[in-house]
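Contents: one structure, followed by commentary.
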Amino acid sequence: MTEKKLRLLLVEDSEDDALLLLNDLKRGGYIVEHERVETAAAMREALVKREWDIVISDYRLPQFSAPAALQILKRSGLDLPFIIVSGKIGEDMLVDAMRAGAHDYLMKGNLSRLIPAVDREIREASERRTRRRAERSIRQGKIEWEAAFDAVSDIVVLTDPTGTIIRCNSKLIQYFDTTYNDVIGTNISELFYGNDPAGESIFNLCADLKADEDDVRFPRLRGWYNAACYPMHPTENEHGYVYVIKDITKRKRMEEEKKLTDRELLTLYAVAFRLNSQRGSKRIMVDLLSQLHQMLQIDWSCIHLMERGSLRLSAWLGLSREFAESFGSLSRGLTWVKDVLDGKSFKAAGIAGHFGPEAEAAAEAMGMGAWCALPLKIGSGVLGTLFVAHRPNREYTDREVFLLNSIANQMAVLIENHTLYDRMKEKNEELVRSRKALKENLEEVKRANIELGRLNASKNSFIGMASHELKTPLTSIMGGLQFLLFYSDIPMTPEQKEMMQSVYEGVTQLKGIVDDLLSISRIEAKGFAVHTRPVKLSDLCQEVRQTLLLPLSERDIRLEIADDPCRVPADEGFCRLAVRNLMENAIKFTPDGGRVAIAGRLVTLEELTAEEELLRPFYRDFPATIEGHPGFYRLDVADTGIGIPPDEAVRIFEKFYGVGDIEYHSSGKTGFMSKGSGLGLSIVKGIMDAHGGMVWVTPGEGGTGSVFSLLFPMDNTCVVPSRGEAR
């Protein structure tokens with residue numbers, strides 16, 4: 001007896017019954033690999049983790065049943081024989097189980113049919129799998145055949161004996177711009193000929209229609225076609241026809257154009273001479289190449305003209321962008337270029353070894369084959385080359401080269417004449433435009449300079465005079481207001497005091513604007529210079545701080561100044577003005593309870609160069625603007641205010657430029673509430689420019705607030721006191 005392997009999934013709660021069943025299977029010649037399950041979860045897990053040949057199930061288990069097991073098997077999608085082996089079961093239950101999909105049933109007391117039943121079900125399951133594989137193969141073959149059917153470049157149509165279309169490929173749908181459903185059931189003659197009674201349909205010939213018959217044209221299609229018919233016999237009693245229709249329009253056109261070649265070549269010279277002489281040389285060359293393409297069926301062509309000793313691409317037709325770029329300049333080191341420059345023509349059947357690597361790759365990508373290069377000669381001089389090329393499987397004959405040489409010589413004359421004309425015309429127009437533009441520009445610049453000088457002088461004079469005249473009465477007004485508010489002890493109602501304080505703040509703001517105007521006027525005045533001496537900036541910052549104690553206390557802002565012993569060569573008065581402007585800005589833009597920190601340190605040119613990307617927007621010539629100094633002193637004024645948008649960081653140093661709306665010019669509830677004059681940072685920049693230094697702004701730590709940095713160039717006057725020196 002031949003032993004057979006059997007993978008058995010056994011749904012059974014009785015171990016003894018399971019052993020009896022396994023023994024019967026072994027006596028029947030089976031080598032059994034089995035797993036016994038008693039619950040639905042165990043069965044699902046067993047079906048997933050390995051493959052089985054058959055499922056044998058008891059009908060009723062304490063936690064499971066044969067119908068439930070059968071449902072789990074169905075949901076798994078596995079096609080396995082399912083046999084019920086039970087001790088007692090009603091006939092109606094067996095009928096329901098068989099209807100549900102069970103393949104057989106046996107009684108535990110009578111297992112004589114077990115082996116035949118297992119053999120039969122294993123065999124039938126194998127046959128079902130074989131049949132499904134065959135069906136899948138048939139479906140796959142049908143899909144592949146239909147893909148090949150649609151991939152055919154010709155039109156393929158299947159009809160019944162009466163000419164009614166029963167099948168077609170996608171080419172027919174493309175040519176008629178229709179849908180598959182609209183074509184099926186249509187008569188083939190009506191589809192190709194329409195309702196034209198005068199048209200005699202070739203499809204009436206049916207089996208007599210051969211592929212070598214005369215070419216035809218269809219009323220409902222453009223171009224020329226060749227049709228063939230083949231009988232089709234799908235069954236003994238059925239037949240039909242297969243029509244294969246080939247589009248031969250291109251071939252037909254080539255044949256017709258070839259017949260006209262001789263006549264067109266004879267008229268080429270006359271056509272060339274009749275070209276409009278008023279067109280530019282570039283247009284002339286393209287027109288000439290177009291004539292060549294039409295008459296000689298050329299695929300690619302171009303013209304190189306001699307420019308400053310080099311052959312450069314001047315006009316082309318049909319070339320790819322890659323080939324045009326790599327073929328833009330011809331090297332004199334190429335053999336064929338030397339021959340052409342010596343007045344000889346050159347032809348080749350292929351491209352290998354004749355161009356540079358990039359040009360050869362681009363030519364190969366285009367499919368370029370045979371080509372010919374000819375000199376554009378006038379007398380003994382060569383002004384350029386004519387390059388023509390075709391696709392592979394073609395060679396230029398001596399007659400064609402002779403004809404191309406004649407055409408090239410005529411082209412050379414036309415190109416030279418139009419090139420000279422264009423150059424003369426362009427030079428003349430350019431000269432006229434240049435003279436006119438130069439004259440207008442000179443007059444405009446002259447007027448602008450005069451007006452600019454006058455306006456600048458008037459502006460400086462007015463600002464200086466107005467600021468000076470305003471300062472004296474403002475000082476008197478402020479003195480009177482200070483006396484009334486702080487020293488007079490005059491009783492005032494809260495409303496009166498608030499009004500007086502509002503007036504005092506307005507006058508203070510007006511005095512700041514006047515001071516700014518005086519400062520900017522002084523900075524812009526001719527002969528402005530700084531008087532430097534060693535200045536300890538940390539002490540200077542402390543002095544300015546003392547003047548701002550009131551707003552600092554009212555706003556509850558901490559102003560921290562780091563002590564530093566270094567002395568900087570600077571103008572003390574201007575430095576005090578710059579520092580004050582930065583402190584006031586920091587206070588104005590910092591919320592109540594915020595913090596302002598001032599610290600200075602020595603830096604090197606290398607450290608600054610490392611921040612070139614940051615500093616270049618503020619100073620385009622950086623680092624050339626500060627080179628030549630042994631070192632630099634950097635003073636940073638950092639606040640926790642509202643910050644400055646990155647796109648406005650450079651513009652804030654322009655005169656009269658303000659950031660944002662007026663309501664954003666202070667986040668405090670007291671003091672510094674109004675928008676400034678827009679001159680403070682411009683004054684700071686003017687002061688730093690006069691010192692040969694720099695000023696810039698960066699976002700604060702963590703993106704909060706701003707950090708304004710002043711950079712002073714150092715020299716040998718820098719003094720760093722020893723530890724014992726008083727500070």
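Going by the structure tokens order, chains are called A, B, ..., each with residues numbered from 1, while ligands are numbered from 1 in the order shown.
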With DSSP run on the backbone, what are the strand (DSSP E) residues within segment 86-172 of chain A? I'd like them as an MDAnalysis selection string. chainID A and resid 86 104:107 155:159 165:168
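Minimum distance to Leu549 of chain A across A:Val568, A:Glu584, A:Gly628, A:Val286 (counting only C-alpha atoms) occurs at A:Glu584.
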Residue nearest Asp299 of chain A among A:Thr385, A:Ser406, A:Thr532, A:Ser320 (counting only C-alpha atoms):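 With only C-alpha atoms as the atom set, the closest residue is A:Ser320.
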What is the atom CA of Val340 of chain A-atom CA of Pro375 of chain A distance in Å, reported with one decimal?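 Here the two named atoms are 5.2 Å from each other.
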Two-atom distance - atom CA of Val603 of chain A, atom CA of Arg634 of chain A (Å): 6.7 Å
Between A:Arg7, A:Gly379, A:Ser112, A:Phe323, which has the minimum distance to Phe355 of chain A (counting only C-alpha atoms)? A:Phe323
Close residues, Leu191 of chain A itself excluded, 12 Å, only C-alpha atoms, min 2 positions apart in chain, as a JSON list (two decimals) with all heavy atoms, in the first residue's frame:
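Done, and the output landed in result_22.json:
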```json
[["chain", "number", "residue", "atom", "x", "y", "z"],
["A", 157, "VAL", "N", -10.33, 44.88, -37.70],
["A", 157, "VAL", "CA", -11.79, 44.84, -37.51],
["A", 157, "VAL", "C", -12.29, 43.43, -37.80],
["A", 157, "VAL", "O", -11.91, 42.81, -38.81],
["A", 157, "VAL", "CB", -12.51, 45.84, -38.44],
["A", 157, "VAL", "CG1", -14.00, 45.88, -38.13],
["A", 157, "VAL", "CG2", -11.91, 47.23, -38.30],
["A", 163, "GLY", "N", -21.05, 41.81, -42.70],
["A", 163, "GLY", "CA", -20.26, 43.03, -42.60],
["A", 163, "GLY", "C", -20.49, 43.82, -41.33],
["A", 163, "GLY", "O", -19.95, 44.91, -41.17],
["A", 164, "THR", "N", -21.29, 43.27, -40.40],
["A", 164, "THR", "CA", -21.53, 43.95, -39.12],
["A", 164, "THR", "C", -20.31, 43.75, -38.21],
["A", 164, "THR", "O", -19.84, 42.62, -38.03],
["A", 164, "THR", "CB", -22.78, 43.40, -38.44],
["A", 164, "THR", "OG1", -23.90, 43.60, -39.31],
["A", 164, "THR", "CG2", -23.03, 44.12, -37.12],
["A", 165, "ILE", "N", -19.83, 44.83, -37.63],
["A", 165, "ILE", "CA", -18.62, 44.77, -36.80],
["A", 165, "ILE", "C", -18.97, 44.10, -35.47],
["A", 165, "ILE", "O", -19.91, 44.50, -34.77],
["A", 165, "ILE", "CB", -18.07, 46.19, -36.54],
["A", 165, "ILE", "CG1", -17.66, 46.84, -37.86],
["A", 165, "ILE", "CG2", -16.88, 46.15, -35.58],
["A", 165, "ILE", "CD1", -17.22, 48.29, -37.72],
["A", 172, "LEU", "N", -8.89, 51.57, -34.28],
["A", 172, "LEU", "CA", -10.10, 52.03, -34.95],
["A", 172, "LEU", "C", -10.79, 53.11, -34.13],
["A", 172, "LEU", "O", -11.27, 54.11, -34.67],
["A", 172, "LEU", "CB", -11.04, 50.84, -35.16],
["A", 172, "LEU", "CG", -12.36, 51.16, -35.88],
["A", 172, "LEU", "CD1", -12.10, 51.40, -37.35],
["A", 172, "LEU", "CD2", -13.37, 50.04, -35.71],
["A", 173, "ILE", "N", -10.82, 52.93, -32.81],
["A", 173, "ILE", "CA", -11.45, 53.92, -31.93],
["A", 173, "ILE", "C", -10.71, 55.25, -32.03],
["A", 173, "ILE", "O", -11.32, 56.33, -32.08],
["A", 173, "ILE", "CB", -11.44, 53.41, -30.47],
["A", 173, "ILE", "CG1", -12.07, 52.01, -30.37],
["A", 173, "ILE", "CG2", -12.16, 54.39, -29.57],
["A", 173, "ILE", "CD1", -13.48, 51.93, -30.86],
["A", 175, "TYR", "N", -8.82, 56.41, -34.59],
["A", 175, "TYR", "CA", -8.94, 57.04, -35.91],
["A", 175, "TYR", "C", -10.30, 57.71, -36.09],
["A", 175, "TYR", "O", -10.40, 58.77, -36.71],
["A", 175, "TYR", "CB", -8.71, 56.00, -37.01],
["A", 175, "TYR", "CG", -7.27, 55.85, -37.42],
["A", 175, "TYR", "CD1", -6.38, 55.16, -36.63],
["A", 175, "TYR", "CD2", -6.80, 56.42, -38.60],
["A", 175, "TYR", "CE1", -5.04, 55.01, -37.00],
["A", 175, "TYR", "CE2", -5.47, 56.30, -38.98],
["A", 175, "TYR", "CZ", -4.60, 55.58, -38.17],
["A", 175, "TYR", "OH", -3.28, 55.46, -38.54],
["A", 176, "PHE", "N", -11.35, 57.10, -35.56],
["A", 176, "PHE", "CA", -12.69, 57.66, -35.73],
["A", 176, "PHE", "C", -13.14, 58.49, -34.54],
["A", 176, "PHE", "O", -14.24, 59.03, -34.55],
["A", 176, "PHE", "CB", -13.70, 56.53, -35.99],
["A", 176, "PHE", "CG", -13.64, 55.98, -37.38],
["A", 176, "PHE", "CD1", -12.86, 54.87, -37.65],
["A", 176, "PHE", "CD2", -14.33, 56.58, -38.42],
["A", 176, "PHE", "CE1", -12.79, 54.35, -38.94],
["A", 176, "PHE", "CE2", -14.26, 56.07, -39.71],
["A", 176, "PHE", "CZ", -13.48, 54.95, -39.98],
["A", 177, "ASP", "N", -12.28, 58.59, -33.51],
["A", 177, "ASP", "CA", -12.59, 59.40, -32.33],
["A", 177, "ASP", "C", -14.00, 59.06, -31.81],
["A", 177, "ASP", "O", -14.86, 59.92, -31.67],
["A", 177, "ASP", "CB", -12.49, 60.89, -32.67],
["A", 177, "ASP", "CG", -12.54, 61.76, -31.41],
["A", 177, "ASP", "OD1", -12.26, 61.21, -30.31],
["A", 177, "ASP", "OD2", -12.87, 62.95, -31.52],
["A", 178, "THR", "N", -14.20, 57.79, -31.52],
["A", 178, "THR", "CA", -15.51, 57.33, -31.09],
["A", 178, "THR", "C", -15.32, 56.41, -29.88],
["A", 178, "THR", "O", -14.26, 56.40, -29.26],
["A", 178, "THR", "CB", -16.23, 56.59, -32.24],
["A", 178, "THR", "OG1", -17.53, 56.21, -31.80],
["A", 178, "THR", "CG2", -15.45, 55.38, -32.70],
["A", 182, "ASP", "N", -20.15, 52.37, -29.51],
["A", 182, "ASP", "CA", -20.77, 52.98, -30.69],
["A", 182, "ASP", "C", -20.38, 52.26, -31.97],
["A", 182, "ASP", "O", -21.12, 52.27, -32.96],
["A", 182, "ASP", "CB", -20.38, 54.45, -30.78],
["A", 182, "ASP", "CG", -21.03, 55.28, -29.69],
["A", 182, "ASP", "OD1", -22.04, 54.82, -29.12],
["A", 182, "ASP", "OD2", -20.52, 56.39, -29.40],
["A", 183, "VAL", "N", -19.21, 51.62, -31.99],
["A", 183, "VAL", "CA", -18.73, 50.94, -33.20],
["A", 183, "VAL", "C", -19.36, 49.57, -33.35],
["A", 183, "VAL", "O", -19.74, 49.16, -34.46],
["A", 183, "VAL", "CB", -17.19, 50.84, -33.16],
["A", 183, "VAL", "CG1", -16.68, 49.92, -34.27],
["A", 183, "VAL", "CG2", -16.57, 52.22, -33.30],
["A", 184, "ILE", "N", -19.46, 48.82, -32.24],
["A", 184, "ILE", "CA", -19.98, 47.46, -32.32],
["A", 184, "ILE", "C", -21.42, 47.48, -32.84],
["A", 184, "ILE", "O", -22.26, 48.26, -32.38],
["A", 184, "ILE", "CB", -19.92, 46.79, -30.93],
["A", 184, "ILE", "CG1", -18.49, 46.74, -30.43],
["A", 184, "ILE", "CG2", -20.51, 45.39, -30.99],
["A", 184, "ILE", "CD1", -17.53, 46.04, -31.34],
["A", 185, "GLY", "N", -21.68, 46.63, -33.83],
["A", 185, "GLY", "CA", -23.01, 46.56, -34.44],
["A", 185, "GLY", "C", -23.16, 47.44, -35.66],
["A", 185, "GLY", "O", -24.19, 47.39, -36.34],
["A", 186, "THR", "N", -22.13, 48.26, -35.95],
["A", 186, "THR", "CA", -22.18, 49.13, -37.13],
["A", 186, "THR", "C", -21.67, 48.37, -38.35],
["A", 186, "THR", "O", -20.76, 47.54, -38.25],
["A", 186, "THR", "CB", -21.31, 50.38, -36.91],
["A", 186, "THR", "OG1", -21.73, 51.03, -35.72],
["A", 186, "THR", "CG2", -21.41, 51.33, -38.08],
["A", 187, "ASN", "N", -22.22, 48.64, -39.51],
["A", 187, "ASN", "CA", -21.73, 48.04, -40.75],
["A", 187, "ASN", "C", -20.40, 48.67, -41.12],
["A", 187, "ASN", "O", -20.25, 49.90, -41.08],
["A", 187, "ASN", "CB", -22.75, 48.24, -41.87],
["A", 187, "ASN", "CG", -22.32, 47.52, -43.14],
["A", 187, "ASN", "OD1", -21.57, 48.05, -43.94],
["A", 187, "ASN", "ND2", -22.83, 46.30, -43.31],
["A", 188, "ILE", "N", -19.42, 47.85, -41.49],
["A", 188, "ILE", "CA", -18.08, 48.35, -41.75],
["A", 188, "ILE", "C", -18.05, 49.33, -42.92],
["A", 188, "ILE", "O", -17.30, 50.32, -42.91],
["A", 188, "ILE", "CB", -17.10, 47.18, -41.97],
["A", 188, "ILE", "CG1", -15.65, 47.71, -42.00],
["A", 188, "ILE", "CG2", -17.43, 46.38, -43.22],
["A", 188, "ILE", "CD1", -14.62, 46.60, -41.98],
["A", 189, "SER", "N", -18.85, 49.09, -43.92],
["A", 189, "SER", "CA", -18.88, 50.01, -45.07],
["A", 189, "SER", "C", -19.44, 51.36, -44.66],
["A", 189, "SER", "O", -18.94, 52.41, -45.07],
["A", 189, "SER", "CB", -19.71, 49.41, -46.20],
["A", 189, "SER", "OG", -19.09, 48.23, -46.70],
["A", 193, "TYR", "N", -17.28, 54.60, -45.11],
["A", 193, "TYR", "CA", -17.73, 55.37, -46.27],
["A", 193, "TYR", "C", -18.87, 56.32, -45.94],
["A", 193, "TYR", "O", -19.22, 57.19, -46.74],
["A", 193, "TYR", "CB", -18.18, 54.43, -47.40],
["A", 193, "TYR", "CG", -17.01, 53.74, -48.07],
["A", 193, "TYR", "CD1", -16.55, 52.53, -47.58],
["A", 193, "TYR", "CD2", -16.38, 54.31, -49.17],
["A", 193, "TYR", "CE1", -15.48, 51.88, -48.18],
["A", 193, "TYR", "CE2", -15.31, 53.66, -49.79],
["A", 193, "TYR", "CZ", -14.86, 52.45, -49.28],
["A", 193, "TYR", "OH", -13.81, 51.83, -49.88],
["A", 194, "GLY", "N", -19.49, 56.16, -44.76],
["A", 194, "GLY", "CA", -20.62, 57.01, -44.43],
["A", 194, "GLY", "C", -21.82, 56.67, -45.28],
["A", 194, "GLY", "O", -22.01, 55.52, -45.72],
["A", 195, "ASN", "N", -22.63, 57.66, -45.55],
["A", 195, "ASN", "CA", -23.84, 57.47, -46.37],
["A", 195, "ASN", "C", -23.63, 57.91, -47.80],
["A", 195, "ASN", "O", -24.58, 58.25, -48.51],
["A", 195, "ASN", "CB", -25.02, 58.22, -45.75],
["A", 195, "ASN", "CG", -25.36, 57.71, -44.36],
["A", 195, "ASN", "OD1", -25.31, 56.51, -44.13],
["A", 195, "ASN", "ND2", -25.71, 58.62, -43.45],
["A", 196, "ASP", "N", -22.37, 57.93, -48.26],
["A", 196, "ASP", "CA", -22.05, 58.39, -49.61],
["A", 196, "ASP", "C", -22.38, 57.29, -50.61],
["A", 196, "ASP", "O", -21.68, 56.26, -50.68],
["A", 196, "ASP", "CB", -20.56, 58.75, -49.69],
["A", 196, "ASP", "CG", -20.20, 59.30, -51.06],
["A", 196, "ASP", "OD1", -21.11, 59.58, -51.84],
["A", 196, "ASP", "OD2", -18.98, 59.44, -51.33],
["A", 201, "SER", "N", -17.65, 50.54, -51.93],
["A", 201, "SER", "CA", -16.96, 49.99, -50.77],
["A", 201, "SER", "C", -16.08, 48.82, -51.17],
["A", 201, "SER", "O", -16.53, 47.88, -51.82],
["A", 201, "SER", "CB", -17.98, 49.54, -49.72],
["A", 201, "SER", "OG", -17.33, 48.86, -48.68],
["A", 203, "PHE", "N", -15.01, 46.80, -49.09],
["A", 203, "PHE", "CA", -15.33, 45.71, -48.18],
["A", 203, "PHE", "C", -16.36, 44.75, -48.78],
["A", 203, "PHE", "O", -16.57, 43.66, -48.23],
["A", 203, "PHE", "CB", -15.87, 46.28, -46.86],
["A", 203, "PHE", "CG", -14.89, 47.21, -46.18],
["A", 203, "PHE", "CD1", -15.14, 48.57, -46.09],
["A", 203, "PHE", "CD2", -13.71, 46.72, -45.66],
["A", 203, "PHE", "CE1", -14.25, 49.42, -45.47],
["A", 203, "PHE", "CE2", -12.80, 47.56, -45.03],
["A", 203, "PHE", "CZ", -13.07, 48.92, -44.94],
["A", 218, "PHE", "N", -10.53, 56.67, -47.82],
["A", 218, "PHE", "CA", -11.88, 56.55, -47.26],
["A", 218, "PHE", "C", -12.46, 57.93, -47.03],
["A", 218, "PHE", "O", -11.76, 58.83, -46.53],
["A", 218, "PHE", "CB", -11.84, 55.78, -45.94],
["A", 218, "PHE", "CG", -11.35, 54.36, -46.07],
["A", 218, "PHE", "CD1", -10.15, 53.99, -45.49],
["A", 218, "PHE", "CD2", -12.08, 53.43, -46.79],
["A", 218, "PHE", "CE1", -9.69, 52.69, -45.61],
["A", 218, "PHE", "CE2", -11.62, 52.13, -46.91],
["A", 218, "PHE", "CZ", -10.41, 51.75, -46.32],
["A", 219, "PRO", "N", -13.74, 58.11, -47.37],
["A", 219, "PRO", "CA", -14.35, 59.44, -47.22],
["A", 219, "PRO", "C", -14.32, 59.96, -45.79],
["A", 219, "PRO", "O", -14.24, 61.18, -45.57],
["A", 219, "PRO", "CB", -15.80, 59.22, -47.70],
["A", 219, "PRO", "CG", -15.73, 58.02, -48.59],
["A", 219, "PRO", "CD", -14.65, 57.15, -48.02],
["A", 220, "ARG", "N", -14.35, 59.07, -44.81],
["A", 220, "ARG", "CA", -14.43, 59.52, -43.42],
["A", 220, "ARG", "C", -13.07, 59.56, -42.72],
["A", 220, "ARG", "O", -13.01, 59.80, -41.52],
["A", 220, "ARG", "CB", -15.39, 58.62, -42.64],
["A", 220, "ARG", "CG", -16.83, 58.68, -43.16],
["A", 220, "ARG", "CD", -17.77, 58.07, -42.16],
["A", 220, "ARG", "NE", -17.74, 58.83, -40.91],
["A", 220, "ARG", "CZ", -18.17, 58.34, -39.74],
["A", 220, "ARG", "NH1", -18.64, 57.10, -39.68],
["A", 220, "ARG", "NH2", -18.12, 59.07, -38.65],
["A", 221, "LEU", "N", -11.99, 59.30, -43.44],
["A", 221, "LEU", "CA", -10.64, 59.36, -42.87],
["A", 221, "LEU", "C", -9.72, 60.14, -43.80],
["A", 221, "LEU", "O", -9.92, 60.18, -45.02],
["A", 221, "LEU", "CB", -10.07, 57.95, -42.67],
["A", 221, "LEU", "CG", -10.69, 57.07, -41.59],
["A", 221, "LEU", "CD1", -10.04, 55.70, -41.59],
["A", 221, "LEU", "CD2", -10.57, 57.72, -40.22]]
```
Spatial neighbours of Leu711 of chain A, max dist 8 Å, only C-alpha atoms, sep filter under 2 positions, as JSON, numbers by chain: {"A": [632, 633, 634, 635, 688, 693, 694, 695, 709, 713]}
Show which residues sit within 8 Å of Ala349 of chain A, as a PyMOL selection string. Count only C-alpha atoms, and ignore same-chain residues fewer than 2 positions away. chain A and resi 347+351+369-371+392+394-396
Taking 5 positions as the minimum chain separation for residues in the same chain, which residues sit within 12 Å of Ile644 of chain A when counting only C-alpha atoms? Answer as a PyMOL selection string. chain A and resi 585-586+589-590+639+649-652+658-660+664-665+696-700+703-708
Which residue, A:His691, A:Arg616, A:Arg558, A:Arg454, has the smallest gap to Ala570 of chain A when you use only C-alpha atoms? A:His691
Can you pull out every residue from segment 570-647 of chain A that DSSP, working from the backbone, puts in helix (DSSP H, G or I), and format the result as a count of residues only? 31
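Distances to Gly686 of chain A were evaluated for A:Lys655, A:Arg620, A:Arg217, A:Arg120 using only C-alpha atoms, and the minimum falls at A:Lys655.
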Just the residues within 7 Å of segment 91-108 of chain A, please, counting only C-alpha atoms, with nothing from its chain fewer than 5 positions along; format it as a PyMOL selection string. chain A and resi 67+81-86
Select, from A:Pro491, A:Ile598, A:Ser553, A:Tyr225, the residue with the minimum atom-to-atom distance to Leu537 of chain A, counting only C-alpha atoms. A:Ile598
